[in-house]
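Colleague: Below you'll find the structure I mean.
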Amino acid sequence: MSEPAPTSAFNKDHPFPAHLTENRLLNKPGSHKETRHLVVDIAGSGLTYKVGDSLGVFPTNRPSEVDEILQRLGASGNELVSPALLKLADPIPLREALGSRLALAKPTRKFVEALAAKVTGEGDRTRLAALLAPEAKDQLAGWLEDREFVDLLAEFPSARLSPQELVDYMRKLMPRLYSIASSPKFNPGRVALSVDTVRYALAGRRRLGVASTFLADRIAPGAALRVYVQKAHAFALPADPSVPIIMIGPGTGIAPFRAFLQERRAVSAPGRNWLFFGHQRSEHDFFYKEELQEMKAAGVLSRLSLAWSRDGSEKFYVQDRMREVGRDLWMWLTEGAHLYVCGDAKRMAKDVELALVDIVAQHGARSAEEATAFVASLKKAGRYQQDVY
């Protein structure tokens, strides 16, 4: 009788206090992007994962933003609050609630209504009334998309909210999921991540991604962070290691495919592996270049197809490279290959699927309708899997 699978006491509701062991920049100097390779030590946690799974990371908010909210409230941070959504047995200090328990972004119409009831300045009252007018519903939604709670407190300084009133309109600070970029067979007890750091300007303020800048700026190697493993749904290597795989992962979409390649190498899988990777510039944004080249030289990576959107006069993406090598890609599919896509759901994944339909139509001698049905059949059979966000 086989031994039961090990279980861990740690999960989303009870995250493990892991430690960061590595935090390095993947881009070379001159890149317009900031992407980091991070390694998290989960040894001793009992947490297990398979390639294709994700790591959930609980971030904290930036102390400077918390300080600004406190200043605009006229609060010390020691005031006790009981945010309704947290369902706490006892109140906690306002600074703790704002720092690690509540989201400081995405204020709602209800919060604007609360501000309108609390303002004393005539100008603030007039502006808020205009925003809350029935005919301004769409305008208000767009306006709120560009703002965080601190923005509204700054824009309507005559509003007098108590700490409890503020936190009652805030959501929970949720964990972020990142595709795991390593195989447990390659480096047991460690989890690698590839994370884009989000920084941009909007509505006159500098915006910083909560979790990505938490990992980039506020967690140094050796520091603790709370994590858990999120099991993948329908995103895994073929059960038969001899089945060929095609992986399409531009940017940080490469993360699970680095894990796939490490896994296939560790088990000496005979199946062929084809990776499509792309980014802006080959000189600055070729993530894991040396690793991939070594895997190709060793025969682990059968084919490596690259696409750089800013190297030439015209933008060139992974879906363009797919079309260029469409005949070979079609041959792999006819030989039973499984195809995987990881990355941006809004554009990239859709463009890749359109390219795949075109390839099936052209090289498989099918009508557009038949090609679409063929791609749908790949999905149904589990041969076309996506990890998109």
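Quick note on naming: the chains in the structure tokens go A, B, ... in the order shown, residues restart at 1 in each chain, and ligands are numbered from 1 in order of appearance.
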Which residues of segment 231-272 of chain A come within 10 Å of segment 285-301 of chain A, and what is each one's closest atom pair and distance in Å (one decimal), counting only C-alpha atoms, sorted by chain and residue number, as a Markdown table?

Modeller:
| residue | atom | partner | partner_atom | distance |
| --- | --- | --- | --- | --- |
| A:Pro250 | CA | A:Phe287 | CA | 9.6 |
| A:Gly251 | CA | A:Phe287 | CA | 7.8 |
| A:Thr252 | CA | A:Phe287 | CA | 8.5 |
| A:Ile254 | CA | A:Phe287 | CA | 8.2 |
| A:Ala255 | CA | A:Phe287 | CA | 9.7 |
| A:Arg258 | CA | A:Leu292 | CA | 8.5 |
| A:Leu261 | CA | A:Val300 | CA | 7.2 |
| A:Gln262 | CA | A:Val300 | CA | 8.9 |
| A:Arg264 | CA | A:Val300 | CA | 7.8 |
| A:Arg265 | CA | A:Val300 | CA | 6.3 |
| A:Ser268 | CA | A:Val300 | CA | 8.7 |
| A:Ala269 | CA | A:Val300 | CA | 8.8 |
| A:Pro270 | CA | A:Val300 | CA | 8.9 |
| A:Gly271 | CA | A:Val300 | CA | 9.1 |
| A:Arg272 | CA | A:Leu301 | CA | 7.2 |

Colleague: Could you dump the residues just selected with C-alpha atoms as a PDB file, in the first residue's frame?

Modeller:
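The new file out.pdb reads:
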ATOM      1  CA  PRO A 250       6.748  35.920 -23.768  1.00  0.00           C
ATOM      2  CA  GLY A 251       7.975  38.108 -20.910  1.00  0.00           C
ATOM      3  CA  THR A 252       7.257  36.637 -17.473  1.00  0.00           C
ATOM      4  CA  ILE A 254       8.405  32.081 -19.491  1.00  0.00           C
ATOM      5  CA  ALA A 255       8.168  31.245 -15.763  1.00  0.00           C
ATOM      6  CA  ARG A 258      11.516  27.225 -17.173  1.00  0.00           C
ATOM      7  CA  LEU A 261      12.203  22.293 -18.853  1.00  0.00           C
ATOM      8  CA  GLN A 262      13.878  21.709 -15.486  1.00  0.00           C
ATOM      9  CA  ARG A 264      11.764  17.227 -18.142  1.00  0.00           C
ATOM     10  CA  ARG A 265      15.520  17.361 -17.718  1.00  0.00           C
ATOM     11  CA  SER A 268      15.235  12.486 -18.549  1.00  0.00           C
ATOM     12  CA  ALA A 269      11.975  12.843 -20.463  1.00  0.00           C
ATOM     13  CA  PRO A 270      12.475  11.724 -24.085  1.00  0.00           C
ATOM     14  CA  GLY A 271       9.819  14.091 -25.448  1.00  0.00           C
ATOM     15  CA  ARG A 272      10.949  17.064 -27.555  1.00  0.00           C
TER      16      ARG A 272
END

Colleague: Return as a compact mmCIF listing (two decimals) with all heavy atoms, in the first residue's frame the full set of residues in segment 205-345 of chain A whose backbone-based DSSP assignment is alpha helix (DSSP H).

Modeller:
# COMPACT_ATOMS: atom_id res chain seq x y z
N VAL A 210 1.50 46.94 -5.79
CA VAL A 210 1.62 46.62 -4.37
C VAL A 210 2.56 45.44 -4.15
O VAL A 210 3.56 45.54 -3.43
CB VAL A 210 0.23 46.31 -3.76
CG1 VAL A 210 0.39 45.88 -2.30
CG2 VAL A 210 -0.66 47.54 -3.84
N ALA A 211 2.23 44.30 -4.76
CA ALA A 211 3.03 43.10 -4.51
C ALA A 211 4.37 43.13 -5.23
O ALA A 211 5.38 42.70 -4.68
CB ALA A 211 2.24 41.86 -4.92
N SER A 212 4.38 43.63 -6.47
CA SER A 212 5.63 43.59 -7.24
C SER A 212 6.69 44.49 -6.63
O SER A 212 7.88 44.13 -6.61
CB SER A 212 5.37 43.96 -8.70
OG SER A 212 4.95 45.30 -8.84
N THR A 213 6.31 45.66 -6.12
CA THR A 213 7.32 46.52 -5.48
C THR A 213 7.61 46.07 -4.05
O THR A 213 8.70 46.34 -3.53
CB THR A 213 6.90 48.00 -5.49
OG1 THR A 213 5.65 48.16 -4.81
CG2 THR A 213 6.76 48.52 -6.92
N PHE A 214 6.67 45.38 -3.43
CA PHE A 214 6.95 44.73 -2.14
C PHE A 214 8.11 43.74 -2.32
O PHE A 214 9.07 43.73 -1.55
CB PHE A 214 5.69 44.02 -1.65
CG PHE A 214 5.91 43.04 -0.53
CD1 PHE A 214 6.17 43.47 0.76
CD2 PHE A 214 5.84 41.67 -0.76
CE1 PHE A 214 6.38 42.55 1.80
CE2 PHE A 214 6.04 40.75 0.25
CZ PHE A 214 6.30 41.19 1.54
N LEU A 215 8.03 42.94 -3.38
CA LEU A 215 9.08 41.96 -3.65
C LEU A 215 10.37 42.61 -4.14
O LEU A 215 11.47 42.17 -3.79
CB LEU A 215 8.58 40.94 -4.67
CG LEU A 215 7.48 39.99 -4.19
CD1 LEU A 215 6.88 39.22 -5.36
CD2 LEU A 215 8.01 39.03 -3.13
N ALA A 216 10.24 43.66 -4.95
CA ALA A 216 11.43 44.29 -5.53
C ALA A 216 12.16 45.18 -4.54
O ALA A 216 13.39 45.20 -4.50
CB ALA A 216 11.03 45.10 -6.75
N ASP A 217 11.41 45.92 -3.73
CA ASP A 217 12.01 47.00 -2.94
C ASP A 217 12.04 46.76 -1.43
O ASP A 217 12.90 47.29 -0.74
CB ASP A 217 11.25 48.31 -3.17
CG ASP A 217 11.21 48.74 -4.62
OD1 ASP A 217 12.09 48.30 -5.38
OD2 ASP A 217 10.30 49.51 -4.99
N ALA A 255 7.97 31.84 -17.09
CA ALA A 255 8.17 31.25 -15.76
C ALA A 255 7.81 29.76 -15.69
O ALA A 255 8.67 28.93 -15.33
CB ALA A 255 7.39 32.04 -14.71
N PRO A 256 6.57 29.35 -16.00
CA PRO A 256 6.27 27.93 -15.85
C PRO A 256 7.04 27.05 -16.82
O PRO A 256 7.25 25.86 -16.55
CB PRO A 256 4.77 27.86 -16.10
CG PRO A 256 4.47 29.03 -16.97
CD PRO A 256 5.41 30.11 -16.49
N PHE A 257 7.48 27.63 -17.93
CA PHE A 257 8.19 26.82 -18.93
C PHE A 257 9.64 26.58 -18.54
O PHE A 257 10.23 25.56 -18.90
CB PHE A 257 8.04 27.46 -20.31
CG PHE A 257 6.59 27.66 -20.68
CD1 PHE A 257 6.15 28.82 -21.29
CD2 PHE A 257 5.66 26.67 -20.37
CE1 PHE A 257 4.82 29.00 -21.60
CE2 PHE A 257 4.31 26.84 -20.69
CZ PHE A 257 3.89 28.00 -21.30
N ARG A 258 10.22 27.50 -17.79
CA ARG A 258 11.52 27.23 -17.17
C ARG A 258 11.36 26.03 -16.24
O ARG A 258 12.22 25.14 -16.20
CB ARG A 258 12.01 28.45 -16.40
CG ARG A 258 13.35 28.27 -15.69
CD ARG A 258 13.75 29.57 -15.02
NE ARG A 258 15.09 29.50 -14.41
CZ ARG A 258 15.32 29.28 -13.12
NH1 ARG A 258 14.30 29.09 -12.29
NH2 ARG A 258 16.55 29.27 -12.66
N ALA A 259 10.24 26.01 -15.49
CA ALA A 259 9.96 24.88 -14.59
C ALA A 259 9.74 23.60 -15.38
O ALA A 259 10.25 22.53 -15.02
CB ALA A 259 8.73 25.19 -13.74
N PHE A 260 8.98 23.67 -16.48
CA PHE A 260 8.73 22.49 -17.32
C PHE A 260 10.04 21.90 -17.81
O PHE A 260 10.25 20.67 -17.79
CB PHE A 260 7.86 22.87 -18.53
CG PHE A 260 6.38 22.97 -18.24
CD1 PHE A 260 5.89 23.10 -16.95
CD2 PHE A 260 5.47 22.96 -19.28
CE1 PHE A 260 4.53 23.20 -16.71
CE2 PHE A 260 4.11 23.05 -19.06
CZ PHE A 260 3.63 23.16 -17.77
N LEU A 261 10.93 22.77 -18.29
CA LEU A 261 12.20 22.29 -18.85
C LEU A 261 13.08 21.67 -17.77
O LEU A 261 13.73 20.64 -17.99
CB LEU A 261 12.92 23.45 -19.55
CG LEU A 261 12.29 23.92 -20.86
CD1 LEU A 261 12.88 25.25 -21.30
CD2 LEU A 261 12.48 22.87 -21.97
N GLN A 262 13.11 22.29 -16.59
CA GLN A 262 13.88 21.71 -15.49
C GLN A 262 13.34 20.33 -15.12
O GLN A 262 14.10 19.39 -14.87
CB GLN A 262 13.82 22.63 -14.26
CG GLN A 262 14.65 23.88 -14.38
CD GLN A 262 14.64 24.71 -13.10
OE1 GLN A 262 13.92 24.39 -12.15
NE2 GLN A 262 15.42 25.78 -13.08
N GLU A 263 12.01 20.20 -15.11
CA GLU A 263 11.37 18.94 -14.76
C GLU A 263 11.68 17.86 -15.80
O GLU A 263 12.05 16.73 -15.46
CB GLU A 263 9.87 19.14 -14.65
CG GLU A 263 9.07 17.90 -14.27
CD GLU A 263 8.91 17.73 -12.78
OE1 GLU A 263 9.45 18.56 -12.01
OE2 GLU A 263 8.24 16.77 -12.38
N ARG A 264 11.52 18.21 -17.08
CA ARG A 264 11.76 17.23 -18.14
C ARG A 264 13.23 16.77 -18.13
O ARG A 264 13.54 15.61 -18.40
CB ARG A 264 11.40 17.82 -19.51
CG ARG A 264 9.93 18.24 -19.63
CD ARG A 264 9.05 17.18 -20.23
NE ARG A 264 9.07 17.23 -21.67
CZ ARG A 264 8.16 16.61 -22.45
NH1 ARG A 264 7.18 15.90 -21.89
NH2 ARG A 264 8.22 16.67 -23.76
N ARG A 265 14.09 17.72 -17.79
CA ARG A 265 15.52 17.36 -17.72
C ARG A 265 15.77 16.43 -16.53
O ARG A 265 16.50 15.44 -16.65
CB ARG A 265 16.35 18.63 -17.58
CG ARG A 265 17.84 18.37 -17.58
CD ARG A 265 18.63 19.67 -17.54
NE ARG A 265 19.91 19.54 -18.21
CZ ARG A 265 20.70 20.56 -18.52
NH1 ARG A 265 20.33 21.79 -18.23
NH2 ARG A 265 21.84 20.35 -19.14
N ALA A 266 15.15 16.74 -15.39
CA ALA A 266 15.40 15.96 -14.18
C ALA A 266 14.95 14.51 -14.31
O ALA A 266 15.57 13.60 -13.73
CB ALA A 266 14.68 16.61 -12.99
N LYS A 289 18.81 33.72 -20.56
CA LYS A 289 19.48 33.46 -21.83
C LYS A 289 20.51 32.33 -21.72
O LYS A 289 20.50 31.38 -22.52
CB LYS A 289 20.17 34.73 -22.33
CG LYS A 289 20.95 34.56 -23.63
CD LYS A 289 21.58 35.88 -24.05
CE LYS A 289 22.39 35.73 -25.34
NZ LYS A 289 23.00 37.03 -25.75
N GLU A 290 21.40 32.43 -20.74
CA GLU A 290 22.47 31.43 -20.61
C GLU A 290 21.89 30.06 -20.29
O GLU A 290 22.34 29.04 -20.83
CB GLU A 290 23.47 31.86 -19.52
CG GLU A 290 24.30 33.08 -19.89
CD GLU A 290 23.53 34.39 -19.77
OE1 GLU A 290 22.45 34.40 -19.12
OE2 GLU A 290 23.98 35.41 -20.33
N GLU A 291 20.88 30.01 -19.43
CA GLU A 291 20.24 28.73 -19.09
C GLU A 291 19.63 28.09 -20.33
O GLU A 291 19.79 26.88 -20.58
CB GLU A 291 19.13 28.94 -18.06
CG GLU A 291 19.60 29.19 -16.65
CD GLU A 291 18.42 29.29 -15.69
OE1 GLU A 291 17.43 28.54 -15.88
OE2 GLU A 291 18.48 30.11 -14.76
N LEU A 292 18.89 28.89 -21.10
CA LEU A 292 18.22 28.35 -22.28
C LEU A 292 19.22 27.89 -23.33
O LEU A 292 19.04 26.84 -23.97
CB LEU A 292 17.27 29.40 -22.86
CG LEU A 292 16.08 29.79 -21.96
CD1 LEU A 292 15.29 30.92 -22.58
CD2 LEU A 292 15.18 28.59 -21.71
N GLN A 293 20.27 28.68 -23.52
CA GLN A 293 21.29 28.27 -24.50
C GLN A 293 21.98 26.98 -24.07
O GLN A 293 22.27 26.12 -24.91
CB GLN A 293 22.30 29.40 -24.68
CG GLN A 293 21.72 30.61 -25.41
CD GLN A 293 22.71 31.76 -25.54
OE1 GLN A 293 23.63 31.89 -24.73
NE2 GLN A 293 22.50 32.61 -26.52
N GLU A 294 22.23 26.84 -22.77
CA GLU A 294 22.85 25.61 -22.27
C GLU A 294 21.90 24.43 -22.45
O GLU A 294 22.33 23.32 -22.83
CB GLU A 294 23.22 25.79 -20.80
CG GLU A 294 24.06 24.65 -20.23
CD GLU A 294 23.24 23.45 -19.81
OE1 GLU A 294 22.08 23.65 -19.35
OE2 GLU A 294 23.72 22.31 -19.94
N MET A 295 20.60 24.63 -22.19
CA MET A 295 19.62 23.56 -22.38
C MET A 295 19.52 23.15 -23.85
O MET A 295 19.34 21.98 -24.17
CB MET A 295 18.24 23.99 -21.87
CG MET A 295 18.11 24.01 -20.36
SD MET A 295 16.40 24.36 -19.88
CE MET A 295 16.54 24.38 -18.10
N LYS A 296 19.64 24.14 -24.72
CA LYS A 296 19.58 23.84 -26.15
C LYS A 296 20.82 23.04 -26.56
O LYS A 296 20.74 22.06 -27.30
CB LYS A 296 19.48 25.13 -26.96
CG LYS A 296 19.06 24.90 -28.42
CD LYS A 296 18.62 26.18 -29.07
CE LYS A 296 18.05 25.91 -30.46
NZ LYS A 296 18.96 25.17 -31.34
N ALA A 297 21.99 23.46 -26.06
CA ALA A 297 23.22 22.74 -26.39
C ALA A 297 23.20 21.31 -25.85
O ALA A 297 23.75 20.39 -26.47
CB ALA A 297 24.42 23.50 -25.80
N VAL A 318 5.55 36.94 -30.64
CA VAL A 318 5.62 35.48 -30.70
C VAL A 318 4.63 34.91 -31.72
O VAL A 318 4.93 33.93 -32.41
CB VAL A 318 5.40 34.83 -29.32
CG1 VAL A 318 6.61 35.00 -28.43
CG2 VAL A 318 4.13 35.34 -28.65
N GLN A 319 3.46 35.52 -31.84
CA GLN A 319 2.49 35.01 -32.81
C GLN A 319 2.97 35.18 -34.25
O GLN A 319 2.64 34.36 -35.13
CB GLN A 319 1.11 35.67 -32.62
CG GLN A 319 1.07 37.16 -32.82
CD GLN A 319 1.28 37.91 -31.52
OE1 GLN A 319 1.86 37.38 -30.56
NE2 GLN A 319 0.77 39.14 -31.45
N ASP A 320 3.79 36.21 -34.48
CA ASP A 320 4.39 36.40 -35.81
C ASP A 320 5.41 35.30 -36.08
O ASP A 320 5.50 34.76 -37.19
CB ASP A 320 5.04 37.77 -35.92
CG ASP A 320 4.06 38.91 -35.66
OD1 ASP A 320 2.96 38.87 -36.26
OD2 ASP A 320 4.37 39.81 -34.88
N ARG A 321 6.21 34.97 -35.05
CA ARG A 321 7.18 33.90 -35.21
C ARG A 321 6.48 32.56 -35.43
O ARG A 321 6.92 31.73 -36.24
CB ARG A 321 8.09 33.81 -33.97
CG ARG A 321 9.21 32.81 -34.09
CD ARG A 321 10.21 33.20 -35.15
NE ARG A 321 11.01 34.34 -34.73
CZ ARG A 321 11.70 35.13 -35.56
NH1 ARG A 321 11.65 34.89 -36.87
NH2 ARG A 321 12.41 36.14 -35.10
N MET A 322 5.37 32.36 -34.74
CA MET A 322 4.59 31.12 -34.94
C MET A 322 4.18 30.97 -36.40
O MET A 322 4.31 29.89 -36.98
CB MET A 322 3.34 31.14 -34.06
CG MET A 322 3.58 30.94 -32.58
SD MET A 322 2.07 31.24 -31.62
CE MET A 322 0.99 29.94 -32.24
N ARG A 323 3.70 32.05 -36.98
CA ARG A 323 3.26 31.98 -38.38
C ARG A 323 4.44 31.67 -39.31
O ARG A 323 4.29 30.94 -40.28
CB ARG A 323 2.58 33.29 -38.78
CG ARG A 323 1.19 33.47 -38.19
CD ARG A 323 0.49 34.68 -38.80
NE ARG A 323 -0.92 34.70 -38.46
CZ ARG A 323 -1.44 35.34 -37.41
NH1 ARG A 323 -0.64 36.02 -36.60
NH2 ARG A 323 -2.75 35.31 -37.19
N GLU A 324 5.62 32.23 -38.99
CA GLU A 324 6.80 31.99 -39.82
C GLU A 324 7.19 30.51 -39.85
O GLU A 324 7.67 30.00 -40.87
CB GLU A 324 7.99 32.80 -39.30
CG GLU A 324 8.07 34.20 -39.82
CD GLU A 324 9.44 34.83 -39.57
OE1 GLU A 324 10.28 34.21 -38.89
OE2 GLU A 324 9.68 35.93 -40.07
N GLY A 326 5.08 28.04 -39.16
CA GLY A 326 3.79 27.36 -39.06
C GLY A 326 3.79 25.92 -39.53
O GLY A 326 3.13 25.07 -38.92
N ARG A 327 4.51 25.64 -40.61
CA ARG A 327 4.51 24.27 -41.13
C ARG A 327 5.10 23.30 -40.10
O ARG A 327 4.54 22.21 -39.86
CB ARG A 327 5.30 24.20 -42.44
CG ARG A 327 5.31 22.81 -43.08
CD ARG A 327 6.05 22.80 -44.40
NE ARG A 327 5.41 23.66 -45.38
CZ ARG A 327 4.34 23.32 -46.10
NH1 ARG A 327 3.79 22.12 -45.92
NH2 ARG A 327 3.82 24.15 -46.97
N ASP A 328 6.21 23.70 -39.49
CA ASP A 328 6.83 22.83 -38.48
C ASP A 328 5.94 22.70 -37.25
O ASP A 328 5.83 21.62 -36.66
CB ASP A 328 8.20 23.38 -38.07
CG ASP A 328 9.23 23.27 -39.19
OD1 ASP A 328 8.97 22.54 -40.17
OD2 ASP A 328 10.29 23.91 -39.07
N LEU A 329 5.33 23.80 -36.86
CA LEU A 329 4.45 23.76 -35.69
C LEU A 329 3.28 22.80 -35.94
O LEU A 329 2.90 22.01 -35.06
CB LEU A 329 3.95 25.18 -35.38
CG LEU A 329 3.39 25.44 -33.98
CD1 LEU A 329 3.58 26.90 -33.61
CD2 LEU A 329 1.93 25.06 -33.87
N TRP A 330 2.72 22.87 -37.16
CA TRP A 330 1.63 21.97 -37.52
C TRP A 330 2.09 20.51 -37.48
O TRP A 330 1.37 19.64 -36.98
CB TRP A 330 1.10 22.32 -38.91
CG TRP A 330 0.18 21.29 -39.49
CD1 TRP A 330 0.41 20.48 -40.57
CD2 TRP A 330 -1.12 20.92 -38.99
NE1 TRP A 330 -0.65 19.64 -40.79
CE2 TRP A 330 -1.61 19.89 -39.83
CE3 TRP A 330 -1.90 21.36 -37.93
CZ2 TRP A 330 -2.85 19.29 -39.63
CZ3 TRP A 330 -3.15 20.77 -37.72
CH2 TRP A 330 -3.61 19.75 -38.57
N MET A 331 3.31 20.25 -37.94
CA MET A 331 3.82 18.88 -37.91
C MET A 331 3.94 18.37 -36.47
O MET A 331 3.60 17.21 -36.19
CB MET A 331 5.18 18.80 -38.62
CG MET A 331 5.11 18.97 -40.13
SD MET A 331 4.01 17.75 -40.91
CE MET A 331 4.81 16.21 -40.45
N TRP A 332 4.40 19.22 -35.58
CA TRP A 332 4.48 18.81 -34.17
C TRP A 332 3.10 18.46 -33.64
O TRP A 332 2.94 17.48 -32.90
CB TRP A 332 5.11 19.94 -33.33
CG TRP A 332 6.60 19.97 -33.35
CD1 TRP A 332 7.42 20.01 -34.44
CD2 TRP A 332 7.47 20.00 -32.21
NE1 TRP A 332 8.74 20.05 -34.06
CE2 TRP A 332 8.81 20.05 -32.69
CE3 TRP A 332 7.28 19.98 -30.84
CZ2 TRP A 332 9.91 20.09 -31.86
CZ3 TRP A 332 8.37 20.03 -29.98
CH2 TRP A 332 9.67 20.07 -30.48
N LEU A 333 2.09 19.26 -34.00
CA LEU A 333 0.73 18.99 -33.53
C LEU A 333 0.23 17.66 -34.08
O LEU A 333 -0.43 16.88 -33.37
CB LEU A 333 -0.20 20.12 -33.92
CG LEU A 333 -0.01 21.45 -33.18
CD1 LEU A 333 -0.93 22.52 -33.76
CD2 LEU A 333 -0.25 21.30 -31.67
N THR A 334 0.51 17.39 -35.34
CA THR A 334 0.06 16.11 -35.93
C THR A 334 0.76 14.93 -35.28
O THR A 334 0.26 13.80 -35.33
CB THR A 334 0.30 16.07 -37.46
OG1 THR A 334 1.70 16.16 -37.72
CG2 THR A 334 -0.44 17.20 -38.15

Colleague: If you run DSSP on the backbone, which residues of segment 252-304 of chain A are strand (DSSP E or B), as a compact mmCIF listing (two decimals) with N, CA and C atoms, in the first residue's frame?

Modeller:
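In the end it all went to selection_15.txt:
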# COMPACT_ATOMS: atom_id res chain seq x y z
N ASN A 273 11.06 19.37 -26.79
CA ASN A 273 10.59 20.60 -26.15
C ASN A 273 10.89 21.80 -27.05
N TRP A 274 9.85 22.58 -27.34
CA TRP A 274 9.98 23.75 -28.22
C TRP A 274 9.46 24.96 -27.45
N LEU A 275 10.31 25.97 -27.29
CA LEU A 275 9.92 27.18 -26.57
C LEU A 275 9.89 28.39 -27.49
N PHE A 276 8.79 29.14 -27.42
CA PHE A 276 8.69 30.45 -28.04
C PHE A 276 8.79 31.49 -26.93
N PHE A 277 9.78 32.38 -27.04
CA PHE A 277 9.94 33.45 -26.06
C PHE A 277 10.09 34.78 -26.79
N GLY A 278 9.54 35.82 -26.22
CA GLY A 278 9.69 37.14 -26.81
C GLY A 278 9.65 38.23 -25.76
N HIS A 279 10.19 39.37 -26.14
CA HIS A 279 10.15 40.55 -25.26
C HIS A 279 10.48 41.76 -26.13
N ARG A 303 13.98 23.17 -29.70
CA ARG A 303 13.92 24.37 -30.53
C ARG A 303 13.65 25.57 -29.64
N LEU A 304 14.25 26.69 -30.01
CA LEU A 304 14.04 27.96 -29.31
C LEU A 304 13.73 29.01 -30.36

Colleague: Per residue of segment 113-194 of chain A within 10 Å of segment 8-24 of chain A, which atom pair is closest and at what distance in Å (one decimal), using only C-alpha atoms, listed by chain and increasing number, as JSON lines?

Modeller:
{"residue": "A:Pro175", "atom": "CA", "partner": "A:Lys12", "partner_atom": "CA", "distance": 8.4}
{"residue": "A:Arg190", "atom": "CA", "partner": "A:Thr21", "partner_atom": "CA", "distance": 8.9}
{"residue": "A:Val191", "atom": "CA", "partner": "A:Leu20", "partner_atom": "CA", "distance": 9.6}
{"residue": "A:Ala192", "atom": "CA", "partner": "A:Glu22", "partner_atom": "CA", "distance": 8.9}
{"residue": "A:Leu193", "atom": "CA", "partner": "A:Asn23", "partner_atom": "CA", "distance": 9.6}
{"residue": "A:Ser194", "atom": "CA", "partner": "A:Arg24", "partner_atom": "CA", "distance": 9.9}

Colleague: If you count only C-alpha atoms, which residues fall within 12 Å of Lys28 of chain A, apart from same-chain ones fewer than 2 positions away, as a list in words?

Modeller: Arg24, Leu25, Leu26, Gly30, Ser31, His32, Lys33, Glu34, Thr35, Arg36, Gln280, Arg281, Ser282, Glu283, His284, Asp285, Phe286, Phe287, Tyr288 and Lys289 of chain A

Colleague: To one decimal place in Å, what is the distance between atom CA of Val341 of chain A and atom CA of Val227 of chain A?

Modeller: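 Going from atom CA of Val341 of chain A over to atom CA of Val227 of chain A, I get 24.9 Å.
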
Colleague: So how far away is atom CA of Gly99 of chain A from atom CA of Ala154 of chain A, in Å?

Modeller: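 Computing it gives 18.8 Å between the two atoms.
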
Colleague: Could you work out how far atom CA of Val195 of chain A lies from atom CA of His37 of chain A, giving the answer in Å with one decimal?

Modeller: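 Atom CA of Val195 of chain A lies at a distance of 6.6 Å from atom CA of His37 of chain A.
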
Colleague: For Leu144 of chain A, list every protein, DNA or RNA residue within 9 Å, evaluated using only C-alpha atoms, and leave out those in the same chain fewer than 4 positions away; present the list as a list in words.

Modeller: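 Once the adjacent positions are removed, what remains is Lys106, Pro107, Thr108, Arg109, Gln139, Leu140 and Glu148 of chain A.
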
Colleague: Only N, CA and C atoms, please: the residues just picked out, written as a PDB file, in the first residue's frame.

Modeller:
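As written to disk, result_3.pdb reads:
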ATOM      1  N   LYS A 106      -8.641  51.087  -5.403  1.00  0.00           N
ATOM      2  CA  LYS A 106      -9.997  50.783  -5.859  1.00  0.00           C
ATOM      3  C   LYS A 106     -11.101  51.284  -4.924  1.00  0.00           C
ATOM      4  N   PRO A 107     -11.134  52.595  -4.642  1.00  0.00           N
ATOM      5  CA  PRO A 107     -12.268  53.151  -3.912  1.00  0.00           C
ATOM      6  C   PRO A 107     -13.541  53.000  -4.738  1.00  0.00           C
ATOM      7  N   THR A 108     -14.670  52.917  -4.083  1.00  0.00           N
ATOM      8  CA  THR A 108     -15.939  52.683  -4.760  1.00  0.00           C
ATOM      9  C   THR A 108     -16.844  53.916  -4.701  1.00  0.00           C
ATOM     10  N   ARG A 109     -17.955  53.827  -5.420  1.00  0.00           N
ATOM     11  CA  ARG A 109     -18.944  54.896  -5.397  1.00  0.00           C
ATOM     12  C   ARG A 109     -19.439  55.139  -3.964  1.00  0.00           C
ATOM     13  N   GLN A 139     -18.747  58.332 -16.102  1.00  0.00           N
ATOM     14  CA  GLN A 139     -17.617  59.226 -15.837  1.00  0.00           C
ATOM     15  C   GLN A 139     -17.007  58.922 -14.470  1.00  0.00           C
ATOM     16  N   LEU A 140     -17.860  58.698 -13.477  1.00  0.00           N
ATOM     17  CA  LEU A 140     -17.375  58.394 -12.132  1.00  0.00           C
ATOM     18  C   LEU A 140     -16.599  57.081 -12.120  1.00  0.00           C
ATOM     19  N   GLU A 148      -6.756  56.095  -6.022  1.00  0.00           N
ATOM     20  CA  GLU A 148      -6.698  55.273  -4.826  1.00  0.00           C
ATOM     21  C   GLU A 148      -7.285  56.085  -3.667  1.00  0.00           C
TER      22      GLU A 148
END
